[in-house]
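One structure below.
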Amino acid sequence: MEDYTSEKEQWEEIKRWLRENGPWIVAGVVIGVGGLYGYRFWNARQDTQAIEAHAHYGNALNALYRNKHDDALKEIAVLDAQYGRTPYADQARLALARWYVESGKLADAATPLTRVIDESRDAELRQVARLRLARVLAEQGKLDEGLKTLDGAGSSAFDPRIQEVRGDILLAKGDRAGALAAYRAASKSTVPAIVNEEMLKLKIADLADVAETAAVTMPAAKESNP
């Protein structure tokens with residue numbers, strides 16, 4: 001008995017296999033082509049949405065620049081309803097919060113910032129909003145709420161910036177030692193430009209000088225008392 005079938009037998013086997021599996025092969029090709037088309041259509045749709053969302057975001061910024069608060073809110077509402085999966089709605093809320101702060105409406109700024117913290121898909125934007133909200137709360141005299149806001153930040157590349165803001169709030173509370181510790185933690189940053197290094201050095205130097213002076217004078221004060 002031969003080890004291999006003849007060429008005719010091989011060809012018959014191939015034809016039989018094609019009859020049995022041909023429809024599945026064609027279906028696979030159709031699905032593959034359809035998938036490629038679908039992928040390209042999806043990409044085109046994403047590009048179109050990004051362009052449209054950017055336009056509404058620009059309209060919101062322009063409205064805020066012209067102090068047209070209601071017009072800005074309408075554009076942000078459109079971004080929420082139609083382009084919620086893009087970052088432009090979050091960016092618009094951050095811009096709205098800045099406008100509130102610059103207009104002296106600190107209490108109003110908390111609402112858009114809180115929404116970004118709670119709803120944004122972008123981790124970095126959530127951290128930016130958290131930092132700004134902590135600042136806003138501190139400006140309102142809500143120092144403990146500001147610290148609590150920072151406590152929810154978790155660990156990220158924003159840690160040095162969070163520590164610096166924490167130091168500012170602790171200093172406002174009169175906790176100079178806590179502020180110095182936070183500033184020193186911020187100074188260990190390995191992330192370029194995440195903090196203003198020169199300003200941070202000045203903050204540390206100012207508090208460190210006071211701490212060192214206190215450490216030197218306190219023993220002398222104790223010796224003067226019998």
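We label chains A, B, ... in the order they appear in the structure tokens, count residues from 1 in each chain, and number ligands from 1 in the order shown.
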Open item on the list: List the spatial neighbours of Trp99 (chain A) as a PyMOL selection string - criterion: any atom at most 10 Å away, only C-alpha atoms, same-chain residues fewer than 5 positions off excluded.
Closed with: chain A and resi 61+64-65+67+69+93-94+104-106+108-109
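Around Leu150 (chain A), within 7 Å and counting only C-alpha atoms, the residues found are Arg130, Leu131, Ala134, Gly146 and Ile162 of chain A, once anything fewer than 4 positions away on its own chain is removed.
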Open item on the list: So that I can see what lies close to Val101 (chain A), please list as number ranges by chain the residues with an atom at most 12 Å from it, counting only C-alpha atoms and leaving out residues fewer than 4 positions away in the same chain.
Closed with: A: 94-97, 105-113, 132-133, 135-137, 139-140
May I have the residues from that selection written out with C-alpha atoms, as a CSV table (one decimal), in the first residue's frame?
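Okay, out_34.csv is ready:
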chain,number,residue,atom,x,y,z
A,94,LEU,CA,-13.1,73.5,34.4
A,95,ALA,CA,-13.2,76.7,32.4
A,96,LEU,CA,-16.6,77.5,33.9
A,97,ALA,CA,-15.2,77.0,37.4
A,105,LYS,CA,-18.3,83.4,42.9
A,106,LEU,CA,-16.4,80.8,44.8
A,107,ALA,CA,-19.4,78.8,46.0
A,108,ASP,CA,-20.6,78.4,42.4
A,109,ALA,CA,-17.2,77.1,41.3
A,110,ALA,CA,-17.5,74.0,43.5
A,111,THR,CA,-20.4,72.5,41.5
A,112,PRO,CA,-18.6,72.1,38.1
A,113,LEU,CA,-15.4,71.0,39.8
A,132,ARG,CA,-8.8,73.3,42.2
A,133,LEU,CA,-11.7,72.4,44.5
A,135,ARG,CA,-8.1,75.7,46.7
A,136,VAL,CA,-11.7,77.0,46.3
A,137,LEU,CA,-12.7,75.5,49.6
A,139,GLU,CA,-10.4,80.4,49.9
A,140,GLN,CA,-13.9,80.1,51.4
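For Glu75 (chain A), the set of protein, DNA and RNA residues having any atom at most 9 Å away, when counting only C-alpha atoms and skipping those fewer than 4 positions along the same chain, is His56, Tyr57, Asn59, Ala60, Ala63, Asp70, Asp71, Leu79, Asp80 and Ala92 of chain A.
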Open item on the list: Please report the interatomic distance between CA of Thr114 (chain A) and CA of Gln163 (chain A) in Å with one decimal.
Closed with: 19.8 Å
Open item on the list: To one decimal place in Å, what is the distance between CA of Leu171 (chain A) and CA of Ser187 (chain A)?
Closed with: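 Spanning CA of Leu171 (chain A) to CA of Ser187 (chain A) is a straight-line distance of 16.3 Å.
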- [ ] Pick out the closest residue to Ile194 (chain A) from this set: A:Val128, A:Ser103, A:Ala181, A:Asp90. Count only C-alpha atoms.
- [x] A:Val128
